[in-house]
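What follows is one structure encoded as structure tokens, with my remarks underneath.
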Amino acid sequence: LFSILVGHLNYQIEHHLFPKFPPNRLEQVAPKVQEICKKYGLTYNTGKPIEQVLSVFRNAFKHSLF
């Protein structure tokens with residue numbers, strides 16, 4: 001339900017890697033993307049939905065000050 005409400009923005013990385021995938025398939029590839037990120041030491045942000053939404057607003061505010 002959360003994915004639908006936010007337009008599947010919780011799978012933004014997967015969307016940019018596989019832009020032609022339908023949104024409901026992005027959830028299926030997410031574990032593999034997380035595994036690859038971990039293997040190469042890349043950050044893959046996860047968290048509770050409210051934490052992610054607040055993070056977006058914090059970062060937008062922080063970057064708008066420059």
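Convention: chains lettered A, B, ... in structure tokens order; per-chain residue numbering from 1; ligands numbered from 1 as shown.
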
Item checked: All alpha helix (DSSP H) positions in chain A, as a PyMOL selection string -> chain A and resi 2-5+12-17+23-39+49-64

Writing out the chosen residues with N, CA and C atoms as a short mmCIF file (atom, residue, chain, number, x, y, z; two decimals), in the first residue's frame:
```cif
data_model
loop_
_atom_site.label_atom_id
_atom_site.label_comp_id
_atom_site.auth_asym_id
_atom_site.auth_seq_id
_atom_site.Cartn_x
_atom_site.Cartn_y
_atom_site.Cartn_z
N PHE A 2 1.95 1.24 0.82
CA PHE A 2 2.83 2.41 0.88
C PHE A 2 3.44 2.69 -0.49
N SER A 3 3.89 1.64 -1.17
CA SER A 3 4.50 1.83 -2.50
C SER A 3 3.55 2.53 -3.45
N ILE A 4 2.30 2.14 -3.42
CA ILE A 4 1.30 2.75 -4.31
C ILE A 4 1.09 4.21 -3.92
N LEU A 5 1.01 4.48 -2.63
CA LEU A 5 0.76 5.85 -2.17
C LEU A 5 1.88 6.81 -2.55
N GLN A 12 13.31 3.76 -6.06
CA GLN A 12 13.88 4.74 -6.99
C GLN A 12 15.13 4.19 -7.68
N ILE A 13 16.02 3.56 -6.92
CA ILE A 13 17.26 3.04 -7.49
C ILE A 13 16.94 1.98 -8.53
N GLU A 14 16.04 1.07 -8.17
CA GLU A 14 15.66 0.01 -9.10
C GLU A 14 15.02 0.60 -10.36
N HIS A 15 14.22 1.63 -10.20
CA HIS A 15 13.58 2.27 -11.35
C HIS A 15 14.62 2.84 -12.31
N HIS A 16 15.69 3.43 -11.78
CA HIS A 16 16.71 4.00 -12.65
C HIS A 16 17.60 2.93 -13.28
N LEU A 17 17.73 1.81 -12.62
CA LEU A 17 18.49 0.70 -13.21
C LEU A 17 17.68 -0.02 -14.28
N PRO A 23 6.20 -0.94 -12.26
CA PRO A 23 6.47 -0.64 -10.85
C PRO A 23 6.29 -1.83 -9.90
N ASN A 24 5.32 -2.68 -10.17
CA ASN A 24 5.12 -3.80 -9.24
C ASN A 24 6.22 -4.85 -9.32
N ARG A 25 7.07 -4.82 -10.34
CA ARG A 25 8.19 -5.76 -10.45
C ARG A 25 9.45 -5.26 -9.76
N LEU A 26 9.51 -3.96 -9.47
CA LEU A 26 10.71 -3.40 -8.85
C LEU A 26 10.97 -4.02 -7.49
N GLU A 27 9.92 -4.33 -6.77
CA GLU A 27 10.07 -4.95 -5.45
C GLU A 27 10.79 -6.30 -5.56
N GLN A 28 10.58 -6.99 -6.67
CA GLN A 28 11.20 -8.31 -6.85
C GLN A 28 12.71 -8.22 -7.08
N VAL A 29 13.18 -7.14 -7.70
CA VAL A 29 14.62 -7.03 -7.97
C VAL A 29 15.37 -6.30 -6.86
N ALA A 30 14.63 -5.68 -5.94
CA ALA A 30 15.27 -4.91 -4.86
C ALA A 30 16.28 -5.73 -4.04
N PRO A 31 15.96 -6.96 -3.63
CA PRO A 31 16.96 -7.71 -2.85
C PRO A 31 18.28 -7.94 -3.60
N LYS A 32 18.20 -8.18 -4.90
CA LYS A 32 19.41 -8.39 -5.69
C LYS A 32 20.21 -7.10 -5.80
N VAL A 33 19.52 -5.97 -5.96
CA VAL A 33 20.20 -4.67 -6.03
C VAL A 33 20.88 -4.39 -4.69
N GLN A 34 20.20 -4.67 -3.58
CA GLN A 34 20.79 -4.47 -2.25
C GLN A 34 22.03 -5.33 -2.08
N GLU A 35 21.96 -6.56 -2.55
CA GLU A 35 23.10 -7.47 -2.46
C GLU A 35 24.30 -6.94 -3.25
N ILE A 36 24.06 -6.44 -4.43
CA ILE A 36 25.14 -5.90 -5.27
C ILE A 36 25.74 -4.64 -4.62
N CYS A 37 24.87 -3.79 -4.07
CA CYS A 37 25.37 -2.59 -3.38
C CYS A 37 26.26 -2.96 -2.21
N LYS A 38 25.83 -3.95 -1.45
CA LYS A 38 26.62 -4.40 -0.30
C LYS A 38 27.97 -4.96 -0.76
N LYS A 39 27.95 -5.75 -1.83
CA LYS A 39 29.17 -6.36 -2.35
C LYS A 39 30.21 -5.30 -2.74
N PRO A 49 8.95 3.86 6.47
CA PRO A 49 8.42 4.86 5.53
C PRO A 49 8.45 6.29 6.06
N ILE A 50 8.07 6.50 7.29
CA ILE A 50 8.05 7.86 7.84
C ILE A 50 9.47 8.42 7.92
N GLU A 51 10.45 7.58 8.25
CA GLU A 51 11.84 8.02 8.30
C GLU A 51 12.32 8.45 6.91
N GLN A 52 11.93 7.70 5.90
CA GLN A 52 12.35 8.02 4.54
C GLN A 52 11.72 9.33 4.06
N VAL A 53 10.45 9.52 4.36
CA VAL A 53 9.77 10.76 3.96
C VAL A 53 10.41 11.96 4.66
N LEU A 54 10.66 11.84 5.96
CA LEU A 54 11.31 12.93 6.70
C LEU A 54 12.71 13.20 6.17
N SER A 55 13.41 12.14 5.78
CA SER A 55 14.75 12.30 5.22
C SER A 55 14.71 13.11 3.93
N VAL A 56 13.72 12.87 3.10
CA VAL A 56 13.58 13.62 1.85
C VAL A 56 13.40 15.10 2.15
N PHE A 57 12.51 15.42 3.09
CA PHE A 57 12.26 16.82 3.42
C PHE A 57 13.50 17.46 4.06
N ARG A 58 14.20 16.75 4.94
CA ARG A 58 15.41 17.28 5.55
C ARG A 58 16.46 17.60 4.49
N ASN A 59 16.67 16.66 3.58
CA ASN A 59 17.69 16.86 2.53
C ASN A 59 17.29 17.98 1.58
N ALA A 60 16.02 18.06 1.23
CA ALA A 60 15.56 19.14 0.35
C ALA A 60 15.78 20.49 1.02
N PHE A 61 15.47 20.58 2.30
CA PHE A 61 15.67 21.83 3.03
C PHE A 61 17.15 22.18 3.11
N LYS A 62 17.96 21.18 3.46
CA LYS A 62 19.40 21.39 3.59
C LYS A 62 20.02 21.88 2.29
N HIS A 63 19.64 21.26 1.18
CA HIS A 63 20.23 21.62 -0.11
C HIS A 63 19.64 22.90 -0.69
N SER A 64 18.50 23.34 -0.18
CA SER A 64 17.92 24.58 -0.69
C SER A 64 18.59 25.80 -0.07
#
```
